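> start-v3.cif is reproduced below (mmCIF, C-alpha atoms and all ligand atoms).
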data_target
#
loop_
_atom_site.group_PDB
_atom_site.id
_atom_site.type_symbol
_atom_site.label_atom_id
_atom_site.label_comp_id
_atom_site.auth_asym_id
_atom_site.auth_seq_id
_atom_site.Cartn_x
_atom_site.Cartn_y
_atom_site.Cartn_z
ATOM 1 C CA GLU A 12 -16.859 5.523 -14.178
ATOM 2 C CA MET A 13 -14.738 8.610 -13.977
ATOM 3 C CA PHE A 14 -11.788 6.191 -13.507
ATOM 4 C CA ARG A 15 -12.804 4.011 -16.417
ATOM 5 C CA ARG A 16 -12.519 6.901 -18.887
ATOM 6 C CA SER A 17 -9.211 7.857 -17.303
ATOM 7 C CA LEU A 18 -7.377 4.565 -17.843
ATOM 8 C CA ARG A 19 -6.113 5.333 -21.337
ATOM 9 C CA ILE A 20 -5.116 8.841 -20.271
ATOM 10 C CA ALA A 21 -3.316 7.337 -17.276
ATOM 11 C CA LEU A 22 -1.168 5.223 -19.580
ATOM 12 C CA GLN A 23 -0.462 8.162 -21.891
ATOM 13 C CA GLU A 24 0.350 10.603 -19.105
ATOM 14 C CA GLY A 25 2.560 8.351 -17.019
ATOM 15 C CA GLN A 26 0.249 7.962 -14.019
ATOM 16 C CA PHE A 27 1.145 4.282 -13.654
ATOM 17 C CA PHE A 28 4.247 3.187 -11.816
ATOM 18 C CA VAL A 29 5.650 -0.106 -10.633
ATOM 19 C CA GLU A 30 6.690 -1.048 -7.113
ATOM 20 C CA TYR A 31 8.935 -4.004 -6.299
ATOM 21 C CA GLN A 32 8.583 -6.269 -3.277
ATOM 22 C CA PRO A 33 11.503 -8.454 -2.188
ATOM 23 C CA LEU A 34 11.421 -12.251 -2.427
ATOM 24 C CA VAL A 35 13.641 -13.735 0.241
ATOM 25 C CA LYS A 36 15.270 -17.111 0.805
ATOM 26 C CA PRO A 37 15.058 -17.611 4.565
ATOM 27 C CA PRO A 38 16.368 -16.286 6.751
ATOM 28 C CA PHE A 39 17.437 -13.104 4.894
ATOM 29 C CA SER A 40 18.878 -13.630 1.368
ATOM 30 C CA ILE A 41 17.157 -11.575 -1.275
ATOM 31 C CA VAL A 42 16.589 -13.609 -4.442
ATOM 32 C CA GLY A 43 14.398 -11.239 -6.443
ATOM 33 C CA PHE A 44 11.460 -8.872 -6.491
ATOM 34 C CA GLU A 45 7.796 -9.033 -7.539
ATOM 35 C CA ALA A 46 6.594 -6.147 -9.718
ATOM 36 C CA LEU A 47 3.318 -4.635 -8.473
ATOM 37 C CA LEU A 48 1.490 -2.095 -10.612
ATOM 38 C CA ARG A 49 0.275 1.173 -9.050
ATOM 39 C CA TRP A 50 -1.925 3.987 -10.359
ATOM 40 C CA ARG A 51 -1.679 7.459 -8.926
ATOM 41 C CA HIS A 52 -4.676 9.442 -10.193
ATOM 42 C CA PRO A 53 -4.072 13.228 -10.132
ATOM 43 C CA LEU A 54 -7.283 13.886 -8.167
ATOM 44 C CA ALA A 55 -8.250 10.594 -6.529
ATOM 45 C CA GLY A 56 -4.731 9.612 -5.426
ATOM 46 C CA LEU A 57 -3.625 5.980 -5.273
ATOM 47 C CA ILE A 58 -6.184 3.584 -6.747
ATOM 48 C CA PRO A 59 -5.669 -0.078 -5.787
ATOM 49 C CA PRO A 60 -5.001 -2.678 -8.507
ATOM 50 C CA SER A 61 -8.007 -4.672 -7.270
ATOM 51 C CA VAL A 62 -10.136 -1.735 -8.507
ATOM 52 C CA PHE A 63 -8.480 -0.731 -11.778
ATOM 53 C CA ILE A 64 -7.166 -4.049 -13.150
ATOM 54 C CA PRO A 65 -10.667 -5.525 -13.605
ATOM 55 C CA MET A 66 -11.697 -2.278 -15.352
ATOM 56 C CA ALA A 67 -8.664 -2.396 -17.631
ATOM 57 C CA GLU A 68 -9.482 -6.027 -18.425
ATOM 58 C CA SER A 69 -13.073 -5.310 -19.374
ATOM 59 C CA ASP A 70 -12.008 -2.288 -21.456
ATOM 60 C CA GLY A 71 -9.439 -4.338 -23.370
ATOM 61 C CA LEU A 72 -6.602 -2.152 -22.095
ATOM 62 C CA MET A 73 -4.943 -4.655 -19.786
ATOM 63 C CA SER A 74 -2.635 -6.268 -22.305
ATOM 64 C CA GLU A 75 -1.280 -2.840 -23.288
ATOM 65 C CA ILE A 76 -0.774 -1.905 -19.638
ATOM 66 C CA GLY A 77 0.679 -5.349 -18.938
ATOM 67 C CA GLN A 78 3.205 -4.980 -21.750
ATOM 68 C CA TRP A 79 4.259 -1.659 -20.221
ATOM 69 C CA VAL A 80 4.708 -3.357 -16.806
ATOM 70 C CA LEU A 81 6.744 -6.169 -18.386
ATOM 71 C CA GLU A 82 9.103 -3.676 -20.028
ATOM 72 C CA GLN A 83 9.480 -1.610 -16.860
ATOM 73 C CA ALA A 84 10.167 -4.716 -14.781
ATOM 74 C CA CYS A 85 12.737 -6.143 -17.211
ATOM 75 C CA ARG A 86 14.518 -2.794 -17.423
ATOM 76 C CA ALA A 87 14.608 -2.507 -13.642
ATOM 77 C CA ALA A 88 15.942 -6.063 -13.263
ATOM 78 C CA ARG A 89 18.675 -5.285 -15.784
ATOM 79 C CA THR A 90 20.122 -2.781 -13.260
ATOM 80 C CA TRP A 91 20.090 -5.244 -10.308
ATOM 81 C CA PRO A 92 22.770 -7.764 -9.343
ATOM 82 C CA ALA A 93 22.706 -10.559 -11.939
ATOM 83 C CA GLN A 94 21.393 -13.281 -9.629
ATOM 84 C CA PHE A 95 18.131 -11.432 -8.861
ATOM 85 C CA THR A 96 14.920 -12.367 -10.639
ATOM 86 C CA VAL A 97 11.863 -10.228 -11.349
ATOM 87 C CA ALA A 98 8.329 -11.613 -11.107
ATOM 88 C CA VAL A 99 5.552 -10.113 -13.235
ATOM 89 C CA ASN A 100 1.832 -10.866 -12.784
ATOM 90 C CA LEU A 101 -0.173 -11.803 -15.865
ATOM 91 C CA SER A 102 -3.922 -11.341 -15.807
ATOM 92 C CA PRO A 103 -6.130 -13.741 -17.803
ATOM 93 C CA ALA A 104 -6.574 -11.291 -20.706
ATOM 94 C CA GLU A 105 -2.816 -10.886 -21.071
ATOM 95 C CA PHE A 106 -2.114 -14.578 -20.856
ATOM 96 C CA LEU A 107 -4.839 -15.537 -23.316
ATOM 97 C CA ARG A 108 -4.045 -12.888 -25.927
ATOM 98 C CA GLU A 109 -2.436 -14.176 -29.101
ATOM 99 C CA GLY A 110 1.322 -13.715 -29.338
ATOM 100 C CA LEU A 111 2.224 -13.579 -25.638
ATOM 101 C CA THR A 112 5.293 -15.772 -25.998
ATOM 102 C CA ASP A 113 6.607 -13.685 -28.926
ATOM 103 C CA ARG A 114 6.076 -10.475 -26.967
ATOM 104 C CA VAL A 115 7.903 -11.875 -23.951
ATOM 105 C CA ALA A 116 10.812 -13.112 -26.091
ATOM 106 C CA GLN A 117 11.025 -9.761 -27.903
ATOM 107 C CA THR A 118 10.953 -7.792 -24.666
ATOM 108 C CA LEU A 119 13.732 -9.867 -23.093
ATOM 109 C CA ASP A 120 15.749 -9.472 -26.260
ATOM 110 C CA ALA A 121 15.194 -5.708 -26.546
ATOM 111 C CA VAL A 122 16.073 -5.119 -22.891
ATOM 112 C CA GLY A 123 18.911 -7.633 -22.844
ATOM 113 C CA LEU A 124 17.647 -9.608 -19.853
ATOM 114 C CA ARG A 125 18.373 -13.337 -19.546
ATOM 115 C CA ALA A 126 15.135 -15.345 -19.771
ATOM 116 C CA ASP A 127 15.757 -17.182 -16.500
ATOM 117 C CA ARG A 128 15.711 -13.872 -14.631
ATOM 118 C CA LEU A 129 12.036 -13.394 -15.511
ATOM 119 C CA GLU A 130 9.250 -15.140 -13.623
ATOM 120 C CA LEU A 131 5.657 -14.883 -14.807
ATOM 121 C CA GLU A 132 2.932 -15.288 -12.189
ATOM 122 C CA ILE A 133 -0.427 -16.638 -13.238
ATOM 123 C CA THR A 134 -3.431 -17.667 -11.188
ATOM 124 C CA GLU A 135 -5.498 -20.777 -11.648
ATOM 125 C CA SER A 136 -8.383 -18.787 -13.125
ATOM 126 C CA VAL A 137 -6.212 -18.185 -16.218
ATOM 127 C CA LEU A 138 -6.086 -21.899 -16.882
ATOM 128 C CA LEU A 139 -9.859 -22.424 -16.861
ATOM 129 C CA GLU A 140 -10.159 -21.426 -20.506
ATOM 130 C CA ARG A 141 -8.652 -22.801 -23.719
ATOM 131 C CA THR A 142 -6.752 -25.594 -22.056
ATOM 132 C CA THR A 143 -4.713 -27.021 -24.938
ATOM 133 C CA ASN A 144 -3.407 -23.631 -26.057
ATOM 134 C CA ASN A 145 -2.596 -22.785 -22.449
ATOM 135 C CA LEU A 146 -0.361 -25.794 -22.249
ATOM 136 C CA ASP A 147 1.376 -24.752 -25.495
ATOM 137 C CA THR A 148 1.892 -21.231 -24.144
ATOM 138 C CA LEU A 149 3.360 -22.454 -20.864
ATOM 139 C CA ASN A 150 5.576 -24.995 -22.617
ATOM 140 C CA THR A 151 6.883 -22.352 -25.021
ATOM 141 C CA LEU A 152 7.693 -19.993 -22.132
ATOM 142 C CA ASN A 153 9.369 -22.891 -20.374
ATOM 143 C CA VAL A 154 11.517 -23.645 -23.433
ATOM 144 C CA LEU A 155 12.467 -19.953 -23.624
ATOM 145 C CA GLY A 156 13.790 -20.353 -20.077
ATOM 146 C CA VAL A 157 11.239 -18.081 -18.397
ATOM 147 C CA GLN A 158 10.066 -19.292 -14.985
ATOM 148 C CA ILE A 159 6.376 -19.756 -14.242
ATOM 149 C CA SER A 160 4.738 -19.352 -10.833
ATOM 150 C CA LEU A 161 1.255 -20.431 -9.806
ATOM 151 C CA ASP A 162 0.025 -17.446 -7.781
ATOM 152 C CA ASP A 163 -2.534 -17.316 -4.937
ATOM 153 C CA PHE A 164 -2.469 -21.097 -4.635
ATOM 154 C CA GLY A 165 -5.229 -22.599 -2.552
ATOM 155 C CA THR A 166 -7.810 -19.844 -2.815
ATOM 156 C CA GLN A 167 -9.284 -20.407 -6.249
ATOM 157 C CA TYR A 168 -10.221 -23.664 -7.923
ATOM 158 C CA SER A 169 -7.194 -25.575 -6.732
ATOM 159 C CA SER A 170 -7.695 -28.411 -9.111
ATOM 160 C CA LEU A 171 -4.622 -30.553 -8.592
ATOM 161 C CA SER A 172 -4.794 -31.535 -12.263
ATOM 162 C CA TYR A 173 -3.147 -28.173 -13.068
ATOM 163 C CA LEU A 174 -0.107 -29.322 -11.140
ATOM 164 C CA LYS A 175 -0.001 -32.586 -13.025
ATOM 165 C CA ASN A 176 -0.359 -31.008 -16.461
ATOM 166 C CA PHE A 177 1.379 -27.640 -16.418
ATOM 167 C CA PRO A 178 5.117 -26.901 -16.082
ATOM 168 C CA PHE A 179 5.253 -24.621 -13.029
ATOM 169 C CA ASP A 180 8.556 -23.785 -11.359
ATOM 170 C CA THR A 181 7.030 -22.311 -8.204
ATOM 171 C CA ILE A 182 3.827 -22.472 -6.183
ATOM 172 C CA LYS A 183 2.951 -19.325 -4.219
ATOM 173 C CA ILE A 184 0.906 -20.049 -1.104
ATOM 174 C CA ASP A 185 -1.773 -17.409 -0.702
ATOM 175 C CA LYS A 186 -1.472 -15.102 2.313
ATOM 176 C CA TYR A 187 -4.866 -16.340 3.528
ATOM 177 C CA PHE A 188 -3.078 -19.450 4.871
ATOM 178 C CA ILE A 189 -0.180 -17.485 6.370
ATOM 179 C CA LYS A 190 -2.011 -14.846 8.389
ATOM 180 C CA ASP A 191 -2.897 -17.049 11.373
ATOM 181 C CA LEU A 192 -0.247 -19.667 10.869
ATOM 182 C CA GLU A 193 1.092 -19.253 14.407
ATOM 183 C CA SER A 194 -2.202 -20.015 16.156
ATOM 184 C CA ASP A 195 -4.240 -22.042 13.685
ATOM 185 C CA GLU A 196 -3.437 -25.722 13.328
ATOM 186 C CA LYS A 197 -5.558 -26.043 10.206
ATOM 187 C CA SER A 198 -3.464 -23.399 8.438
ATOM 188 C CA GLN A 199 -0.326 -25.224 9.560
ATOM 189 C CA THR A 200 -1.588 -28.516 8.169
ATOM 190 C CA ILE A 201 -2.528 -26.926 4.851
ATOM 191 C CA VAL A 202 0.784 -25.086 4.480
ATOM 192 C CA ARG A 203 2.786 -28.235 5.352
ATOM 193 C CA PHE A 204 0.772 -30.104 2.744
ATOM 194 C CA ILE A 205 1.404 -27.486 0.028
ATOM 195 C CA ILE A 206 5.151 -27.453 0.779
ATOM 196 C CA ALA A 207 5.316 -31.259 0.550
ATOM 197 C CA LEU A 208 3.207 -31.248 -2.610
ATOM 198 C CA ALA A 209 5.458 -28.653 -4.286
ATOM 199 C CA HIS A 210 8.655 -30.452 -3.320
ATOM 200 C CA GLY A 211 7.276 -33.829 -4.374
ATOM 201 C CA LEU A 212 6.615 -32.304 -7.796
ATOM 202 C CA ARG A 213 10.116 -30.735 -7.808
ATOM 203 C CA MET A 214 8.708 -27.235 -7.623
ATOM 204 C CA ARG A 215 9.763 -24.401 -5.340
ATOM 205 C CA VAL A 216 7.319 -22.935 -2.869
ATOM 206 C CA THR A 217 6.931 -19.297 -1.795
ATOM 207 C CA ALA A 218 4.841 -18.063 1.139
ATOM 208 C CA GLU A 219 3.104 -14.722 0.637
ATOM 209 C CA GLY A 220 1.987 -12.245 3.284
ATOM 210 C CA VAL A 221 4.698 -13.059 5.843
ATOM 211 C CA GLU A 222 4.360 -10.355 8.495
ATOM 212 C CA THR A 223 5.852 -11.782 11.699
ATOM 213 C CA ARG A 224 9.104 -13.398 12.825
ATOM 214 C CA GLY A 225 7.071 -16.324 14.169
ATOM 215 C CA GLN A 226 5.603 -17.017 10.733
ATOM 216 C CA ALA A 227 9.017 -16.711 9.066
ATOM 217 C CA ASN A 228 10.662 -19.080 11.559
ATOM 218 C CA TRP A 229 7.896 -21.629 11.237
ATOM 219 C CA LEU A 230 8.076 -21.521 7.422
ATOM 220 C CA GLN A 231 11.867 -21.815 7.414
ATOM 221 C CA THR A 232 11.703 -24.842 9.730
ATOM 222 C CA GLU A 233 9.116 -26.490 7.476
ATOM 223 C CA GLY A 234 11.376 -26.042 4.436
ATOM 224 C CA CYS A 235 9.557 -23.248 2.606
ATOM 225 C CA ASP A 236 11.962 -22.013 -0.112
ATOM 226 C CA GLN A 237 11.026 -18.340 -0.321
ATOM 227 C CA LEU A 238 9.214 -15.764 1.770
ATOM 228 C CA GLN A 239 7.451 -12.581 0.717
ATOM 229 C CA GLY A 240 5.705 -10.076 2.955
ATOM 230 C CA TYR A 241 5.940 -6.885 4.963
ATOM 231 C CA LEU A 242 8.362 -8.521 7.444
ATOM 232 C CA LEU A 243 10.933 -9.022 4.680
ATOM 233 C CA GLY A 244 10.179 -5.818 2.784
ATOM 234 C CA VAL A 245 7.254 -3.722 1.577
ATOM 235 C CA PRO A 246 6.679 -2.934 -2.111
ATOM 236 C CA MET A 247 8.984 -0.019 -3.027
ATOM 237 C CA PRO A 248 9.632 2.135 -6.087
ATOM 238 C CA ALA A 249 12.527 1.139 -8.374
ATOM 239 C CA GLU A 250 14.580 4.098 -7.129
ATOM 240 C CA ALA A 251 14.507 2.773 -3.537
ATOM 241 C CA ILE A 252 16.001 -0.647 -4.308
ATOM 242 C CA ASP A 253 19.686 0.368 -4.254
ATOM 243 C CA GLU A 254 19.324 1.776 -0.781
ATOM 244 C CA PHE A 255 17.285 -1.239 0.376
ATOM 245 C CA LEU A 256 20.019 -3.600 -0.877
ATOM 246 C CA ARG A 257 22.725 -1.550 0.878
ATOM 247 C CA GLN A 258 20.854 -1.696 4.177
ATOM 248 C CA SER A 259 20.089 -5.394 3.964
ATOM 249 C CA SER A 260 23.584 -6.575 3.032
HETATM 250 O O1 LIG A 301 -0.423 -4.872 -4.549
HETATM 251 P P1 LIG A 301 -1.423 -5.500 -4.280
HETATM 252 O O2 LIG A 301 -0.432 -4.802 -4.470
HETATM 253 O O3 LIG A 301 -2.563 -4.724 -3.747
HETATM 254 O O4 LIG A 301 -1.936 -6.180 -5.647
HETATM 255 C C1 LIG A 301 -3.258 -6.570 -5.733
HETATM 256 C C2 LIG A 301 -3.486 -7.517 -6.870
HETATM 257 O O5 LIG A 301 -3.155 -6.907 -8.115
HETATM 258 C C3 LIG A 301 -2.627 -8.759 -6.770
HETATM 259 O O6 LIG A 301 -3.492 -9.848 -6.951
HETATM 260 C C4 LIG A 301 -1.686 -8.694 -7.920
HETATM 261 O O7 LIG A 301 -1.478 -9.963 -8.467
HETATM 262 C C5 LIG A 301 -2.393 -7.782 -8.889
HETATM 263 N N1 LIG A 301 -1.379 -7.055 -9.645
HETATM 264 C C6 LIG A 301 -0.458 -6.196 -9.179
HETATM 265 N N2 LIG A 301 0.310 -5.739 -10.190
HETATM 266 C C7 LIG A 301 -0.119 -6.343 -11.316
HETATM 267 C C8 LIG A 301 0.276 -6.300 -12.692
HETATM 268 O O8 LIG A 301 1.230 -5.650 -13.092
HETATM 269 N N3 LIG A 301 -0.442 -7.044 -13.569
HETATM 270 C C9 LIG A 301 -1.489 -7.813 -13.174
HETATM 271 N N4 LIG A 301 -2.131 -8.490 -14.097
HETATM 272 N N5 LIG A 301 -1.888 -7.895 -11.898
HETATM 273 C C10 LIG A 301 -1.207 -7.178 -10.973
HETATM 274 O O1 LIG A 302 -0.079 -11.081 -6.871
HETATM 275 P P1 LIG A 302 -0.651 -11.118 -5.533
HETATM 276 O O2 LIG A 302 -2.079 -11.317 -5.344
HETATM 277 O O3 LIG A 302 -0.015 -12.224 -4.784
HETATM 278 O O4 LIG A 302 -0.170 -9.769 -4.877
HETATM 279 C C1 LIG A 302 0.380 -9.723 -3.634
HETATM 280 C C2 LIG A 302 -0.448 -8.778 -2.819
HETATM 281 O O5 LIG A 302 -0.129 -8.913 -1.436
HETATM 282 C C3 LIG A 302 -0.179 -7.326 -3.146
HETATM 283 O O6 LIG A 302 -1.365 -6.668 -2.975
HETATM 284 C C4 LIG A 302 0.815 -6.914 -2.064
HETATM 285 O O7 LIG A 302 0.837 -5.515 -1.862
HETATM 286 C C5 LIG A 302 0.225 -7.671 -0.880
HETATM 287 N N1 LIG A 302 1.165 -7.958 0.199
HETATM 288 C C6 LIG A 302 2.496 -8.126 0.126
HETATM 289 N N2 LIG A 302 3.029 -8.435 1.338
HETATM 290 C C7 LIG A 302 1.979 -8.460 2.198
HETATM 291 C C8 LIG A 302 1.883 -8.736 3.604
HETATM 292 O O8 LIG A 302 2.850 -9.016 4.306
HETATM 293 N N3 LIG A 302 0.631 -8.691 4.151
HETATM 294 C C9 LIG A 302 -0.483 -8.403 3.409
HETATM 295 N N4 LIG A 302 -1.640 -8.375 4.037
HETATM 296 N N5 LIG A 302 -0.417 -8.149 2.085
HETATM 297 C C10 LIG A 302 0.800 -8.178 1.482
HETATM 298 MN MN MN A 303 1.642 -12.096 -7.584
HETATM 299 NA NA NA A 304 0.676 -13.474 -5.281
#
Can you dump the structure from the file as structure tokens?

Amino acid sequence: EMFRRSLRIALQEGQFFVEYQPLVKPPFSIVGFEALLRWRHPLAGLIPPSVFIPMAESDGLMSEIGQWVLEQACRAARTWPAQFTVAVNLSPAEFLREGLTDRVAQTLDAVGLRADRLELEITESVLLERTTNNLDTLNTLNVLGVQISLDDFGTQYSSLSYLKNFPFDTIKIDKYFIKDLESDEKSQTIVRFIIALAHGLRMRVTAEGVETRGQANWLQTEGCDQLQGYLLGVPMPAEAIDEFLRQSS
């Protein structure tokens, strides 16, 4: 409850920051970064997004914070080599709020970032509500040229009708299916199935939570398009990216 009252102050006083985690085309080509929001509270230290994002949502602050993240991420991407994309997570409240597509278009315009360098990540839970408007929103973003990823695939409702009806560019396989990929045949079967499903629908597929060489090799062999995880790079502050790119080239 102490945190809840602090959220608005945190935004005003610059306690939020954004880290960026590399997205890699196997074996080692960096293709972009995912923006991950962090909150460093002056007394409590780092507070995980799983704790403060639900609070910000219920307090109606998340779309303001989300707009700040979007601007930060687009500005950061503007300084990277032109082929790199930036992925930004959208929580349900942000996605469902009126005027999202205008805000995204305005932000890209103000920052001067090409639309196809921005990827927006949404989870299936976003799509449970207001279905016809959701389709309009996704189609408008698609027409703008922004890419859309379906995040945490396989862990929520996983209704395949979403894949039939919505214009996703990428499916992100949740790390739950990656963690024991090397020993668990069921995980292997599920991951193979998601890769084939994505490719059959002409979508790209990204594996999250890749921590070992064995997982990366297996995923590369099976045709997974992109990898994300501690093996390829941990989330890092914007200032660390130059050095990271120097070391990995
Ligand atoms: O980073 P991990 O870094 O612990 O992130 C935990 C969860 O918080 C993830 O599910 C991620 O999607 C979510 N998250 C991280 N950053 C953001 C953000 O900027 N906006 C939203 N809506 N969710 C985020
Ligand atoms: O948006 P999403 O829920 O996918 O957020 C990704 C989450 O996964 C973030 O919390 C990020 O810090 C975390 N993460 C990134 N790479 C790894 C990894 O290799 N292993 C684990 N366990 N978590 C990871
Ligand atoms: Mn994500
Ligand atoms: Na994710």
> At most 6 Å is the cut-off: for each residue in chain A with any atom that close to an atom of ligand LIG 301 (chain A), write down the nearest atom pair and the distance in Å rounded to one decimal, counting only C-alpha atoms and all ligand atoms, chain first then increasing number, as a Markdown table.

| residue | atom | partner | partner_atom | distance |
| --- | --- | --- | --- | --- |
| A:Leu47 | CA | A:LIG301 | N2 | 3.6 |
| A:Leu48 | CA | A:LIG301 | N2 | 3.9 |
| A:Pro59 | CA | A:LIG301 | O3 | 5.9 |
| A:Pro60 | CA | A:LIG301 | O5 | 4.6 |
| A:Ser61 | CA | A:LIG301 | C1 | 5.3 |
| A:Gly77 | CA | A:LIG301 | N3 | 5.7 |
| A:Val80 | CA | A:LIG301 | O8 | 5.6 |
| A:Asn100 | CA | A:LIG301 | N3 | 4.5 |
| A:Leu101 | CA | A:LIG301 | N4 | 4.2 |
| A:Ser102 | CA | A:LIG301 | N4 | 3.8 |
> From the options A:Ala126, A:Leu72, A:Leu149, A:Val221, which residue's atoms come nearest to A:Cys235, counting only C-alpha atoms?
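With only C-alpha atoms as the atom set, the closest residue is A:Val221.
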> The PyMOL selection byres (((chain A and resi 21-38) around 8) and not hetatm) on the file shown: which residues, as a PyMOL selection string?
chain A and resi 17-20+39-53+76+80+83-84+227-228+231+236-240+243-249
> Dump the neighbourhood of ligand NA 304 (chain A) as a list of chain:residue names: all residues within 10 Å, distances computed on only C-alpha atoms and all ligand atoms.
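My answer, listing the contacting residues, is A:Glu45, A:Leu47, A:Ala98, A:Val99, A:Asn100, A:Glu132, A:Ile133, A:Thr134, A:Ser160, A:Leu161, A:Asp162, A:Asp163, A:Phe164, A:Ile182, A:Lys183, A:Ile184, A:Asp185, A:Lys186, A:Thr217, A:Ala218, A:Glu219, A:Gly220, A:Gln239.
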> Quick one: apply the PyMOL selection byres (((chain A and resi 86) around 12) and not hetatm) to the file and drop the selected residues here as a PyMOL selection string.
chain A and resi 29+46+79-85+87-91+96-97+118-125+128-129+249
